[in-house]
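Remarks on the structure that follows.
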Amino acid sequence: MIVTSLLDTDLYKFTMMQVVLHQYPAAQVEYRFRCRTPGVDLVPLIGRIREELDGLCALRFTDDELAYLRGLRFIDSDFVDFLGLFHLNAKYVSIAPSATAPGEIDIVIEGPWLHTIMFEVPLLAIVNELYYRATQPDLDLAEGRARLRAKIALLHDTPGYERVRIADYGTRRRFSRAWHEEMLATLAEGLGTQLAGTSNVLLAMRQGLVPIGSMAHEYLQAFQSLGPRLRDSQTAALEAWAREYRGDLGIALSDVYGLDAFLRDFDMYFCKLFDGARHDSGDPFTWGDRVLSHYVANRVDPRTKTLVFSDSLDIPRVMDLYRHFDGRCLLSFGVGTNLTNDVGPAPINIVIKMTRCNGQPVAKISDSPGKNMSDDLEYVGYLRKVFGMSVA
């Protein structure tokens, strides 16, 4: 099996799931898979994906895993008790060749949000690893190890960057589970305190690292259905997060409706309440400059706030951003595919995104148009209008 533990996923799945359990346990959702890389034929893998899905759904949290989760300060005891009974159910997942695009596959996840939220990350990891097993069965990881050593040396040995700290965000698109584990251990040994942690909870537990994460796009998208009205959905999502975590896990994701809409909603109350914001689309330098100016305009010292950068980063990009923002705010960098899938072959870009909640379409309209994903163009146009965005 590729995924052998339900803990082999990103921390933000647990933090969002806890909100769902406590506040929206009846919500029904739909997720859809997409491969953004053209010319990738995944159809021959369908049988293997189904086998891996069955294995995934046979897993349960172990006592050691539950004890580890119970020790995290922001995880509530009742949520851990729920996870002790939890398992994934394959009845919520359908996998088939695309009826409209030869070579592509349709993976659709439909069911209660509480019981489907944990499918995304392991399914993506499964598809990714099966693809590379099929296309690179005899790959020598020497190239990946050499690239990793070069990245460590660049960050660790370049004067002036001693305080730069990065985290591993690469579970979803890793080359393989074994490489992910090896890479992270090598990174920890080579970077020391410059490694802030990992989003992968299982590897954090095994390697004694800090698990890192807060919210993802699906959380804010769901509030397009759950919120009091569409225009207030972003505010409602942030309010619900604050109710759940009471000031903990205070990094707000900024790009579900674009930066303009985020800054309109991220008023003085949220500026003071949340620890910072995460960038995941659009130009990061422009984004960061605008967010810091927004803090100043709201009488908040930006040097007390954290900017988290996580969009397609590599080490040179991290260093450029650090040089630009150092001394102006606190900084954090999440590096994903460039760490977990930079071993030689080009990585493929695969995603699973929420497309409906409670029967209503939901969408992300980010500052990078290629990241938008919705099957309802009429709704996307309406969403743009409601949030004062230009209609594409």
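Order determines the names: the first chain of the structure tokens is A, the second B, and so forth; residues in each chain are numbered 1 upward, and ligands are numbered 1 upward as they are shown.
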Next item on the list: List every residue of region 342-382 of chain A that DSSP, applied to the backbone of this structure, assigns to helix (DSSP H, G or I), and report them as a ChimeraX atom specification.
Entry: /A:369-371,377-382
Emit the selected residues as an mmCIF file, in the first residue's frame, including C-alpha atoms.
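Result file follows (part.cif):
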```
data_model
loop_
_atom_site.group_PDB
_atom_site.id
_atom_site.type_symbol
_atom_site.label_atom_id
_atom_site.label_comp_id
_atom_site.auth_asym_id
_atom_site.auth_seq_id
_atom_site.Cartn_x
_atom_site.Cartn_y
_atom_site.Cartn_z
ATOM 1 C CA PRO A 369 -6.407 32.401 -13.128
ATOM 2 C CA GLY A 370 -4.951 28.960 -13.877
ATOM 3 C CA LYS A 371 -5.790 27.915 -10.320
ATOM 4 C CA LEU A 377 -19.256 29.328 -15.250
ATOM 5 C CA GLU A 378 -22.508 31.170 -14.606
ATOM 6 C CA TYR A 379 -21.925 30.893 -10.861
ATOM 7 C CA VAL A 380 -18.319 32.038 -11.214
ATOM 8 C CA GLY A 381 -19.538 35.141 -13.043
ATOM 9 C CA TYR A 382 -22.036 35.835 -10.278
#
```
Margin query: Residues within 7 Å of region 202-212 of chain A, please, as a ChimeraX atom specification. Count only C-alpha atoms; anything in the same chain fewer than 5 positions from it doesn't count.
Written below: /A:7-8,11,181,196-197
Could you list, as a short mmCIF file (atom, residue, chain, number, x, y, z; two decimals) with C-alpha atoms, in the first residue's frame, every residue within 8 Å of Ala90 (chain A), counting only C-alpha atoms and ignoring same-chain residues fewer than 4 positions away?
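Wrote around.cif, looks like this:
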```cif
data_model
loop_
_atom_site.label_atom_id
_atom_site.label_comp_id
_atom_site.auth_asym_id
_atom_site.auth_seq_id
_atom_site.Cartn_x
_atom_site.Cartn_y
_atom_site.Cartn_z
CA LEU A 53 -8.53 3.37 -2.29
CA ASP A 54 -9.82 0.12 -0.80
CA CYS A 57 -10.55 2.80 3.54
#
```
Next item on the list: Could you tell me how far CA of Glu239 (chain A) lies from CA of Phe270 (chain A), in Å and to one decimal?
Entry: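 Between these atoms lies a distance of 8.8 Å.
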Next item on the list: Go through A:Thr337, A:Glu129, A:Ala185, A:Glu104 one by one, measure the shortest atom-to-atom distance of each to Val43 (chain A) using only C-alpha atoms, and give the residue with the smallest value.
Entry: A:Glu104
Note to self: Ranking A:Ala277, A:Ile315, A:Val108, A:Ala216 by minimum distance to His156 (chain A) and counting only C-alpha atoms, which one comes first?
What the structure shows: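 Nearest to His156 (chain A): A:Ile315.
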